[in-house]
Each structure stands twice: as structure tokens, then as C-alpha cells.
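Just below is one structure, and these are the notes that go with it.
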Amino acid sequence: MKKTIAAFIAATALAGPASAELVFAGLDYRTGPYAPNGIPFADGYADYFTLLQERDGGIGGEPIRYLTCETAYNTEQGVECYESTKGEGVLVYQPLSTGITYQLIPKATQDKIPLHTMGYGRTSAANGAVFPYIFNYPGTYWDAASVIVKHMLDVEGGSLQGKKVALVYHNSAYGKEPIRTLESLAEKHGFELSLLPVDHPGQEQKATWLQVRRDRPDFVTMWGWGVMNQVAVQEAASIRFPMDRFIGVWWSASENDVIPAGDGADGYKAVTFHGVGDDFPIYDEIRRHVVDTGKAAGDGSNLGTVLYNRGLVAAMWAAEAARTAQEMHGVSAITPEMMRDGMEALDVDEARLAELGLPNFTVPVKVSCANHGGPGKGMIQQWSAADRKWSIITDFIDSDREVIDPLIEADSSAYASEAGITPRDCN
Amino acid sequence: MMASLSRLRLASPEGVGLLLLAAYAAYGLFWLGSIDERDRLFFYEVTLSGLLAGVMYSLVALGFVLIFKSSGIFNFSQGVMALFAGLFLTGFMNDFGVPAFLAIPLTVAVMVAVAFAVERFVLRHLVNQEPIILFMATIGLAFVLEGVGDILWGSDVKPLDVGLPRGASDFLLDGYGLYVEKLEIAAAAVAAVLVVALSLFSQYTRIGRALRAVADDHQAALSVGISLRTIWVIVWSIAGAVALVAGIMWGSKSGVQFSLALIALKALPVLILGGFTSIPGAILGGLIIGVGEKWAEIYLGEVMNALFGLNASWFTAIENWFAYVLALAFLLVRPQGLFGEKIIERV
């Protein structure tokens, strides 16, 4: 027995993490009420790394090791996942949860492991001087709110003076994020903002939509997730709210969110920062090297869906940051700190996107010491119930930096003084 | 209940509760008379929507009541059973192309099989155990059913269309300016049919009478030759069928997905209020909770602001927990629930 135990310990020690590997981790949620959204994202994120491993043998000649940990979109479980995997040498975490992100910001900063909270998490983390290890490119919730309001301005012919806008939001740290920006934008453009929170999970929203019916806002915008989105779209259709005036954030814009409402969802809009569908050269590669060889994370049915594409683009930026870090430091086996440097020097332009098989797929991103939030641009996508697909209906729209930058500065400064952080000099 | 009303003393908690209720109703009527036509119409809309939402909660609560009444088991897995039934129904319909009229009886058969399995592998081994042990077993059952459903059918959102009407009632909306969901009207009709059918079943059939006998006294029922195991299978089968109805109604609204299991949380305050052993109590409890939470969500902020100058936004997104506050307040006055049996233990 003793011999068996000793052999087991020896084998375990030998099977420990090899130093010459690039370790990426997926903090997934494939179970629980938010699984329908967590699965396609997790599949896209994992499949991109599998593609690089299978086709290129890794990144810069270094093999990729991919870890997964189930969070069930639960903050405590997410933190446990982080704690249990960080010792494996994970280069960057993508928690896919604002709640988990808030818990990990101080931990990851102390551990010197970068977090990429792509289009979610703490918006003011865009200030790299205060948050050196947190990145939220290519855009933040405040960018999303601003892009949505700019689209409303376009629809209304340039003025929202005297108009009413309702925010229907998940009553959580995530859902509350855009409020501050929307309040500032309401002041700037003269519209009246009403706030309608919906408690987790959002299965029952009758009271919320009765208020929308009573108040008759000109636009409704939504920060929802999971079943809340499907119920909201269904309820909006039921009260005959004009769907082309109902605009969700990018986390309220998957196929899952609109298909259950059937024809009623036709015309629903949402902001996004990447393309829709699978009409991109990279999909041929994924099918050849990942799906057809049976190495896909899922059954392949999610390819080309909104959240699969989002997982894919997140992994692409992570891989490009690793490549940048390798070039910067002249080594292929990079550490999390080197990865951070790569993320801060990330520059993925349209030419590079085309090389990667993703032409016109997303906005070119250039990160810097001071700006971890990226360009902050967004497009509007619209759902066609007849065709059962999303279409991009605008070009990239710039967010309102005049409003957002001072808010980021104020919030990050407050965080810095609260946490006793001396901001870096990014000049 | 009427008998207890006739014995009511104003100094008792029930009397105080009734007085408060009367005062509240009087204030409500006065307020209703003072508002304009548009606000009054909105109030009717809120009330009607609350009642219909309450019926949806009652559909889940009914399953709890059936099992608790006949076996004293608080079945924690009732919400997951609704999900499980919904997963099989959408699986049969969407993956195998089975039409709804065949898929529904097939799913009922699955739920009967689940009932057999629960009796064979869980309940049979826990006879004469403490209620808390049985309760814990149903927690385990919830996880098993959720896991099996996930493995068999996956976690994605499954649209469900069994031909139920959806969207606002055009007749009420265009004719009277009232927004009422057709699906919820259908749910109310189905709930009414269910209650009548269950009442007739328990009153006039041999099995129904046996169920009532077991509910009244397990030992006495056993002594006259009623098989407890058979009764458990029947009860869990009926609860499975009721779970299927709840799964269809909720699944038609937002697609069948794993958050459906959480609707059990909506049924708990209904049970506290209606009593764990009464089918009419589950319906009435649902109606009270449905209306109460909608009124609270929409009007409590305004009331608190007017009466105490509190910020109205503090009282938003309260409907989930307000239902429990309402149920707990009710417990203070009537611990056994509206129609529950008062337990008197002599020591």
C-alpha cells in the first residue's frame, strides 16, 4: 500500500505543470441557469486555442495547455476556480462575470496575473494607471451605453430632448454598471431616464413591463443576462413595444435571447463589437482542424452564433497578446507578468485581423498603459425573426469620450484612494 | 375556515390581522376613488396581471401540496421536475419531431417512470425515517434529475410551442385598453380544470379516497390494506403530470431552460400562505402572492415616499422577497396557512 501511495505521489509530481507551456484557462459556466449563454462563449474561447494548438503547434512554437473550471456563474465558485488554477501558471483569466471580476481585481493585481474582462466588469478598470493588471478592451459598459444613446440620437434625427428612456437591468453589479453613464448622458441630451431593476433570475417581469406600458418611454435599453433577456423580449413583444426601439447591451443579444419570443422579437436591436455569423475564413480552419477532428469543446452546433464569436474574439486577443509578449521579451515561454506587458502593448489592426482569417470581424484594438479599455466603439445589430439571424445595421459608432473619460477618471481615482494605490505614471 | 371566522376574537392575532386588512381595503377603496381614469385602468391591469401571475405560481405549488398531503414529504425537487418534464417534452418535439398531442402523453409516461424509480430507489428505503431525512433525499433527487436532464438534452434554451396562445389579448387591449397575456389566461383555465379534476379524483374515485386515507393517517390506512408504495407511485405520478403542466406554461413563456427549476422559489411563499395540505389554498395563496408582489413592486415605493419621505427607488426590484415578507406576515397571524390543518399536540 505504501509503495502504491509513493508511486502515486511520484507520478503526480512528474505529471505537474511543465514549465514550457502556455497555460490558458476558461472559467466556464456550462451548468446552472446561465449555462445557455456560458456554453457558446466557452466553446468559442476553447476552440480558438485548440485551433492554434492543432494547426500551429501552439503560439510562437510553444504548446498551449488549456484548463477549464466550472463557475456556474457563481461568484464564490469563480473565486475558487481562480485560486485553484493560478498555481498552474495561467497567463490570463477571462472570468465572464462582473461579480467574479470585482472579487478578482485585488487578488489578480496582488498575484500579478492579468484579467481580461472583455466588455464587462469594472468599467473604470480602463484606466491602466490605476489598474495595471486589469484590461477591458475593446470597450466597456459605459462605451456600450454611449453607443446605444448615439444610435437613439440617430433614430430621432439628432435630438433626445424631452424624450424618455427606460433602462431595464439585471439587479446586480453587472446590471448597475451603465447607470452612472446613462445619468450623465441624460443630463447632456435632455432625456428622462427611468430605472427598472429586475431581480435574478428574471423569470417573472410582469411588474417591470407594466411600468414600461404605463410610462411609454421612447426607447428601452436593457442590461440583462440569461433568462432575463428572453422574458424581457417576450414581454416587450406582448405589450407591443416597438422592437426597433428596444436596444440591448452586447450581453443581451444572443440567438437564445430572441428565438423563444418567435416573430415577436423581430426588429430587436443590440450593440456589439464583433461580426455575426460564420462567413469568415477562420471558420474553414476551425471546421478542418477542430470540429472535423472531434476536438471541439462542444458539439459544433454553436459555431457562428453571437456568443461563440465572442468567445473566439476573446481568445484571439489573448493569443495575440501572448505573441506580442513573446516578441517583446524575446522568449517563447512567457510568464503572466510578461503576458500583462503583451496585453498592454497589444495592437491588432485590420491587416492582422485579415491574416488571422477574421477580416472586418471586429474593431482594430490598440492598448496602452493609460488606456486598457481599447477604442470603445460599437455597432448595432438587429434580429430578423423571418431569417432567424442577426444583421449588422450600422458602421462602428464612437462612444462619447467627453462624457466617459471624466467618469472613468473620477471612479478610478476614488478606487485608488480607497485601496491605497498610487497610480502609475503612463507618460 | 368559516367556522374559525365565526369564533374569531378581535383580541387574537387573527382578529388584529383582519382589522388591519379591513383598514387597508378601506384605504385602497378611498385611494382608488381619488385617482384619474388612466391610473385606475392601470391599477386594474396590475391587479389582473398579478392574479394571473399568481395562477402560474399556483401551478408549481400544486405539485408540492399533492406530495406533502399524501406523504408528509416536502418535495424540494418539484421545480426541477417541471424542468425535467419540459426537457423531455421539448426533446420529443424538437429533436424527434413528435407532435405535441403525442409528446405530452409520452412525457407523462416519463414522469410516471420517474415516480416508479423514486419509490423503488428512494422512498422505499426511507420508510419511517424523519421528515428531514426525506426532505434531504428530495434535495438529492433534484440534483440527480437536473444532471440527467442536462446529460440527455443539454443546457441550451429550448423553444416550446404546444399551440398555446401568446402575446396580449387583442380583444382586451384594443377594446378596453387592458393588457392581459393570452398565455396566462390559458394557464388560469388549465389551473381551474386541474383543481376541479383533482378534487373530483380525490372525492369520487377509489384511489382518490385511498389517497385521502393515507393523508389522514398512514398507519390506519396501512391497517385496512392500502398499499403505501402504490399510493406513493400514484401521487408522484400525478405531481409529475402537474409539473409537466407548469413546465409547459413557464416554458412557453421563456423557452425551457435550467432557470425553470428556480420557479420552485416562487411557489414557497404560496405554500406558506395557502397551507401545505390544501389544493384550494395553493390556488388562493398564489393569487394573493401574485397580486401582493405586483402591488408592492409598483406602488410601495410611492406609498413609502408619501408617508415617510423615503426614497422610492429603495423599493424597486422587491417582488421576489416581498412575497416572502407577505407570507411571513401571514404566518404571524395564521401559522397553519389559509387552509392548512391546525396541529394541536398535547403534552
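Chain lettering (A, B, ...) mirrors the order of the C-alpha cells, residue numbering begins at 1 for each chain separately, and ligand numbering begins at 1 in order of display.
The residues of chain B lying at most 6 Å from chain A, with only C-alpha atoms taken into account, are Ser155, Asp156, Val157, Pro159, Gly167, Ala168, Ser254, Gly255, Phe258, Ser259, Lys294 and Ala317 of chain B.
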Contacts of Glu320 (chain A) at 8 Å or less, counting only C-alpha atoms, minus same-chain residues fewer than 4 places along, as a short mmCIF file (atom, residue, chain, number, x, y, z; two decimals) with all heavy atoms, in the first residue's frame?
```cif
data_model
loop_
_atom_site.label_atom_id
_atom_site.label_comp_id
_atom_site.auth_asym_id
_atom_site.auth_seq_id
_atom_site.Cartn_x
_atom_site.Cartn_y
_atom_site.Cartn_z
N MET A 316 -8.77 35.16 -29.42
CA MET A 316 -7.85 35.73 -30.43
C MET A 316 -7.00 36.84 -29.80
O MET A 316 -5.78 36.88 -29.97
CB MET A 316 -8.67 36.26 -31.61
CG MET A 316 -7.86 36.87 -32.74
SD MET A 316 -7.49 38.62 -32.49
CE MET A 316 -9.08 39.38 -32.75
N THR A 324 2.60 38.93 -28.73
CA THR A 324 3.26 40.23 -28.53
C THR A 324 4.26 40.14 -27.38
O THR A 324 5.39 40.66 -27.47
CB THR A 324 2.20 41.31 -28.22
OG1 THR A 324 1.21 41.28 -29.26
CG2 THR A 324 2.80 42.69 -28.14
N LEU A 346 -0.72 45.50 -26.91
CA LEU A 346 -1.49 44.83 -27.98
C LEU A 346 -1.87 45.81 -29.08
O LEU A 346 -2.33 46.93 -28.81
CB LEU A 346 -2.75 44.21 -27.37
CG LEU A 346 -3.61 43.36 -28.32
CD1 LEU A 346 -2.89 42.07 -28.68
CD2 LEU A 346 -4.95 43.02 -27.67
N VAL A 348 -3.80 45.07 -32.65
CA VAL A 348 -4.35 44.18 -33.68
C VAL A 348 -5.15 45.04 -34.67
O VAL A 348 -6.27 45.46 -34.37
CB VAL A 348 -5.26 43.09 -33.06
CG1 VAL A 348 -5.79 42.15 -34.15
CG2 VAL A 348 -4.52 42.29 -32.01
#
```
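Interatomic distance, CA of Ala144 (chain A) against CA of Tyr120 (chain A): 10.0 Å.
The residues of region 47-185 of chain A that DSSP classifies as strand (DSSP E or B), using the backbone of this structure, are Ile59, Glu62, Ile64, Arg65, Tyr66, Leu67, Thr68, Cys69, Glu70, Val90, Tyr93, Leu115, His116, Asn127, Ile134, Phe135, Lys164, Val165, Ala166, Leu167, Val168, Tyr169 and His170 of chain A.
With distances restricted to only C-alpha atoms, B:Thr107 is the closest residue to Phe88 (chain B) from B:Gln257, B:Thr107, B:Ser169, B:Ser12.
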>> Just checking: using only C-alpha atoms, which residue out of A:Gly376, A:Gly420, A:Pro336, A:Gly44 ends up closest to Ala108 (chain A)?
In response: A:Pro336
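With CA of Ala137 (chain B) on one side and CA of Leu123 (chain B) on the other, the separation reads 8.5 Å.
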>> Quick one: residues within 10 Å of region 62-73 of chain B, only C-alpha atoms, excluding same-chain residues fewer than 6 positions away - as a PyMOL selection string?
In response: chain B and resi 79+81-82+123+130-138+191+194-195+198+210-218+228+231-232+234-244+246+264+267-268+270-271+274-283+286
Would you save the residues of that selection, restricted to C-alpha atoms, as a PDB file, in the first residue's frame?
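Output saved as again35.pdb:
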```
ATOM      1  CA  GLY B  79     -39.304  22.780  -9.532  1.00  0.00           C
ATOM      2  CA  MET B  81     -39.490  18.059 -12.030  1.00  0.00           C
ATOM      3  CA  ALA B  82     -41.138  20.866 -14.020  1.00  0.00           C
ATOM      4  CA  LEU B 123     -38.753   6.295  -0.749  1.00  0.00           C
ATOM      5  CA  GLU B 130     -37.686  11.515   9.999  1.00  0.00           C
ATOM      6  CA  PRO B 131     -39.275  14.089   7.619  1.00  0.00           C
ATOM      7  CA  ILE B 132     -35.968  15.949   7.437  1.00  0.00           C
ATOM      8  CA  ILE B 133     -34.306  12.807   6.010  1.00  0.00           C
ATOM      9  CA  LEU B 134     -36.980  12.552   3.332  1.00  0.00           C
ATOM     10  CA  PHE B 135     -36.591  16.254   2.613  1.00  0.00           C
ATOM     11  CA  MET B 136     -32.830  15.834   2.201  1.00  0.00           C
ATOM     12  CA  ALA B 137     -33.468  12.900  -0.137  1.00  0.00           C
ATOM     13  CA  THR B 138     -35.596  15.137  -2.366  1.00  0.00           C
ATOM     14  CA  ALA B 191     -55.401  25.569 -13.347  1.00  0.00           C
ATOM     15  CA  LEU B 194     -56.738  20.841 -12.746  1.00  0.00           C
ATOM     16  CA  VAL B 195     -58.248  21.817  -9.406  1.00  0.00           C
ATOM     17  CA  LEU B 198     -58.025  16.711  -8.687  1.00  0.00           C
ATOM     18  CA  ALA B 210     -57.259   5.836  -0.592  1.00  0.00           C
ATOM     19  CA  LEU B 211     -55.023   8.883  -1.085  1.00  0.00           C
ATOM     20  CA  ARG B 212     -57.089  10.838   1.398  1.00  0.00           C
ATOM     21  CA  ALA B 213     -56.956   7.962   3.852  1.00  0.00           C
ATOM     22  CA  VAL B 214     -53.156   7.869   3.629  1.00  0.00           C
ATOM     23  CA  ALA B 215     -53.049  11.626   4.034  1.00  0.00           C
ATOM     24  CA  ASP B 216     -55.173  11.441   7.181  1.00  0.00           C
ATOM     25  CA  ASP B 217     -53.324   8.604   8.868  1.00  0.00           C
ATOM     26  CA  HIS B 218     -50.600   6.403   7.367  1.00  0.00           C
ATOM     27  CA  LEU B 228     -48.365   2.844   0.788  1.00  0.00           C
ATOM     28  CA  ILE B 231     -50.093   5.327  -3.282  1.00  0.00           C
ATOM     29  CA  TRP B 232     -46.679   6.978  -3.414  1.00  0.00           C
ATOM     30  CA  ILE B 234     -49.654   7.372  -7.906  1.00  0.00           C
ATOM     31  CA  VAL B 235     -49.076  10.614  -6.033  1.00  0.00           C
ATOM     32  CA  TRP B 236     -45.634  11.193  -7.521  1.00  0.00           C
ATOM     33  CA  SER B 237     -47.059  10.427 -10.972  1.00  0.00           C
ATOM     34  CA  ILE B 238     -49.804  12.994 -10.520  1.00  0.00           C
ATOM     35  CA  ALA B 239     -47.272  15.506  -9.180  1.00  0.00           C
ATOM     36  CA  GLY B 240     -45.144  14.728 -12.257  1.00  0.00           C
ATOM     37  CA  ALA B 241     -48.095  15.451 -14.529  1.00  0.00           C
ATOM     38  CA  VAL B 242     -48.770  18.710 -12.674  1.00  0.00           C
ATOM     39  CA  ALA B 243     -45.061  19.542 -13.034  1.00  0.00           C
ATOM     40  CA  LEU B 244     -45.418  18.974 -16.774  1.00  0.00           C
ATOM     41  CA  ALA B 246     -46.191  24.015 -15.004  1.00  0.00           C
ATOM     42  CA  ALA B 264     -39.949  26.491  -7.056  1.00  0.00           C
ATOM     43  CA  ALA B 267     -44.073  28.509  -5.010  1.00  0.00           C
ATOM     44  CA  LEU B 268     -42.709  28.563  -1.443  1.00  0.00           C
ATOM     45  CA  VAL B 270     -47.601  30.474  -1.922  1.00  0.00           C
ATOM     46  CA  LEU B 271     -47.369  27.298   0.174  1.00  0.00           C
ATOM     47  CA  GLY B 274     -52.062  28.721   1.391  1.00  0.00           C
ATOM     48  CA  GLY B 275     -51.059  25.866   3.629  1.00  0.00           C
ATOM     49  CA  PHE B 276     -49.076  22.801   2.651  1.00  0.00           C
ATOM     50  CA  THR B 277     -52.059  20.466   2.541  1.00  0.00           C
ATOM     51  CA  SER B 278     -54.746  22.364   0.667  1.00  0.00           C
ATOM     52  CA  ILE B 279     -55.304  22.413  -3.078  1.00  0.00           C
ATOM     53  CA  PRO B 280     -57.666  25.443  -2.918  1.00  0.00           C
ATOM     54  CA  GLY B 281     -55.087  27.003  -0.562  1.00  0.00           C
ATOM     55  CA  ALA B 282     -52.402  26.671  -3.241  1.00  0.00           C
ATOM     56  CA  ILE B 283     -54.634  28.499  -5.712  1.00  0.00           C
ATOM     57  CA  GLY B 286     -50.930  32.027  -5.462  1.00  0.00           C
TER      58      GLY B 286
END
```
>> Can you pull out the residues contacting Tyr133 (chain A)? Cut-off 9 Å, using only C-alpha atoms, and skip same-chain residues under 4 positions away; I want them as a ChimeraX atom specification.
In response: /A:105,108-109,112-116,125,128,337,340
Please dump the current selection as an mmCIF file, in the first residue's frame; keep all heavy atoms.
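So the final result, stored in part_35.cif, reads:
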```
data_model
loop_
_atom_site.group_PDB
_atom_site.id
_atom_site.type_symbol
_atom_site.label_atom_id
_atom_site.label_comp_id
_atom_site.auth_asym_id
_atom_site.auth_seq_id
_atom_site.Cartn_x
_atom_site.Cartn_y
_atom_site.Cartn_z
ATOM 1 N N ILE A 105 -10.302 41.466 -8.920
ATOM 2 C CA ILE A 105 -9.446 42.637 -9.219
ATOM 3 C C ILE A 105 -8.311 42.782 -8.192
ATOM 4 O O ILE A 105 -7.131 42.812 -8.568
ATOM 5 C CB ILE A 105 -10.279 43.929 -9.370
ATOM 6 C CG1 ILE A 105 -11.031 43.889 -10.720
ATOM 7 C CG2 ILE A 105 -9.402 45.181 -9.290
ATOM 8 C CD1 ILE A 105 -12.009 45.028 -10.926
ATOM 9 N N ALA A 108 -5.972 39.380 -8.303
ATOM 10 C CA ALA A 108 -5.132 39.226 -9.501
ATOM 11 C C ALA A 108 -4.028 40.282 -9.516
ATOM 12 O O ALA A 108 -2.898 40.004 -9.928
ATOM 13 C CB ALA A 108 -5.986 39.333 -10.756
ATOM 14 N N THR A 109 -4.363 41.478 -9.042
ATOM 15 C CA THR A 109 -3.361 42.546 -9.012
ATOM 16 C C THR A 109 -2.224 42.158 -8.069
ATOM 17 O O THR A 109 -1.048 42.330 -8.384
ATOM 18 C CB THR A 109 -4.017 43.873 -8.558
ATOM 19 O OG1 THR A 109 -5.103 44.143 -9.451
ATOM 20 C CG2 THR A 109 -3.021 45.024 -8.588
ATOM 21 N N LYS A 112 -0.201 39.392 -9.543
ATOM 22 C CA LYS A 112 0.418 39.826 -10.805
ATOM 23 C C LYS A 112 0.022 38.914 -11.971
ATOM 24 O O LYS A 112 0.853 38.464 -12.767
ATOM 25 C CB LYS A 112 1.944 39.909 -10.670
ATOM 26 C CG LYS A 112 2.402 40.912 -9.612
ATOM 27 C CD LYS A 112 3.889 41.113 -9.668
ATOM 28 C CE LYS A 112 4.416 41.964 -8.523
ATOM 29 N NZ LYS A 112 3.826 43.279 -8.408
ATOM 30 N N ILE A 113 -1.272 38.624 -12.029
ATOM 31 C CA ILE A 113 -1.827 37.847 -13.147
ATOM 32 C C ILE A 113 -2.864 38.733 -13.840
ATOM 33 O O ILE A 113 -3.768 39.248 -13.175
ATOM 34 C CB ILE A 113 -2.516 36.554 -12.657
ATOM 35 C CG1 ILE A 113 -1.528 35.679 -11.887
ATOM 36 C CG2 ILE A 113 -3.107 35.773 -13.837
ATOM 37 C CD1 ILE A 113 -2.154 34.462 -11.221
ATOM 38 N N PRO A 114 -2.752 38.936 -15.142
ATOM 39 C CA PRO A 114 -3.718 39.831 -15.796
ATOM 40 C C PRO A 114 -5.115 39.215 -15.933
ATOM 41 O O PRO A 114 -5.261 38.013 -16.083
ATOM 42 C CB PRO A 114 -3.103 40.068 -17.175
ATOM 43 C CG PRO A 114 -2.184 38.928 -17.417
ATOM 44 C CD PRO A 114 -1.706 38.462 -16.075
ATOM 45 N N LEU A 115 -6.107 40.110 -15.865
ATOM 46 C CA LEU A 115 -7.503 39.735 -16.125
ATOM 47 C C LEU A 115 -7.930 40.430 -17.401
ATOM 48 O O LEU A 115 -7.665 41.627 -17.566
ATOM 49 C CB LEU A 115 -8.441 40.249 -15.029
ATOM 50 C CG LEU A 115 -8.464 39.674 -13.637
ATOM 51 C CD1 LEU A 115 -9.646 40.298 -12.869
ATOM 52 C CD2 LEU A 115 -8.605 38.180 -13.661
ATOM 53 N N HIS A 116 -8.576 39.703 -18.283
ATOM 54 C CA HIS A 116 -9.198 40.369 -19.431
ATOM 55 C C HIS A 116 -10.706 40.277 -19.238
ATOM 56 O O HIS A 116 -11.292 39.208 -19.383
ATOM 57 C CB HIS A 116 -8.784 39.704 -20.744
ATOM 58 C CG HIS A 116 -9.336 40.422 -21.941
ATOM 59 N ND1 HIS A 116 -9.494 39.824 -23.157
ATOM 60 C CD2 HIS A 116 -9.777 41.695 -22.104
ATOM 61 C CE1 HIS A 116 -9.995 40.697 -24.019
ATOM 62 N NE2 HIS A 116 -10.184 41.836 -23.398
ATOM 63 N N ALA A 125 -11.766 50.237 -14.774
ATOM 64 C CA ALA A 125 -10.503 49.497 -14.933
ATOM 65 C C ALA A 125 -9.836 49.857 -16.261
ATOM 66 O O ALA A 125 -8.684 49.484 -16.504
ATOM 67 C CB ALA A 125 -10.746 48.000 -14.851
ATOM 68 N N GLY A 128 -5.536 52.265 -17.030
ATOM 69 C CA GLY A 128 -4.402 51.382 -16.763
ATOM 70 C C GLY A 128 -3.436 51.921 -15.726
ATOM 71 O O GLY A 128 -2.661 51.156 -15.135
ATOM 72 N N GLU A 337 3.301 37.888 -15.905
ATOM 73 C CA GLU A 337 3.710 39.299 -15.929
ATOM 74 C C GLU A 337 4.109 39.743 -17.335
ATOM 75 O O GLU A 337 3.822 40.868 -17.750
ATOM 76 C CB GLU A 337 4.874 39.520 -14.957
ATOM 77 C CG GLU A 337 4.392 39.737 -13.537
ATOM 78 C CD GLU A 337 5.425 40.434 -12.684
ATOM 79 O OE1 GLU A 337 5.544 41.662 -12.804
ATOM 80 O OE2 GLU A 337 6.117 39.732 -11.926
ATOM 81 N N ARG A 340 1.038 40.291 -19.281
ATOM 82 C CA ARG A 340 0.474 41.619 -18.999
ATOM 83 C C ARG A 340 1.111 42.662 -19.898
ATOM 84 O O ARG A 340 0.425 43.529 -20.457
ATOM 85 C CB ARG A 340 0.706 41.966 -17.526
ATOM 86 C CG ARG A 340 -0.067 43.147 -17.000
ATOM 87 C CD ARG A 340 0.715 43.929 -15.968
ATOM 88 N NE ARG A 340 1.814 44.656 -16.588
ATOM 89 C CZ ARG A 340 1.685 45.849 -17.158
ATOM 90 N NH1 ARG A 340 0.517 46.458 -17.172
ATOM 91 N NH2 ARG A 340 2.729 46.452 -17.727
#
```
>> Residues near region 63-67 of chain A, anyone? I mean within 7 Å using only C-alpha atoms, not counting same-chain ones fewer than 2 positions away, as an MDAnalysis selection string.
In response: chainID A and resid 21:26 53 57:59 61 69
> How many Å separate CA of Phe143 (chain B) from CA of Val60 (chain B)?
Replying inline: 18.0 Å
>> I'd like the neighbourhood of region 246-251 of chain A as JSON, numbers by chain, where a residue qualifies if any of its atoms comes within 7 Å (using only C-alpha atoms), though same-chain residues fewer than 2 positions away should be ignored.
In response: {"A": [144, 219, 220, 221, 222, 223, 224, 225, 242, 243, 244, 253, 268, 269, 270, 271, 272]}
>> For region 284-291 of chain A, find every residue with an atom within 9 Å (counting only C-alpha atoms), except residues of its own chain fewer than 5 positions away, and show them as a count of residues only.
In response: 12
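Closest to Gln336 (chain B) among B:Leu273, B:Val144, B:Leu164, B:Ala115 is B:Leu273, based on only C-alpha atoms.
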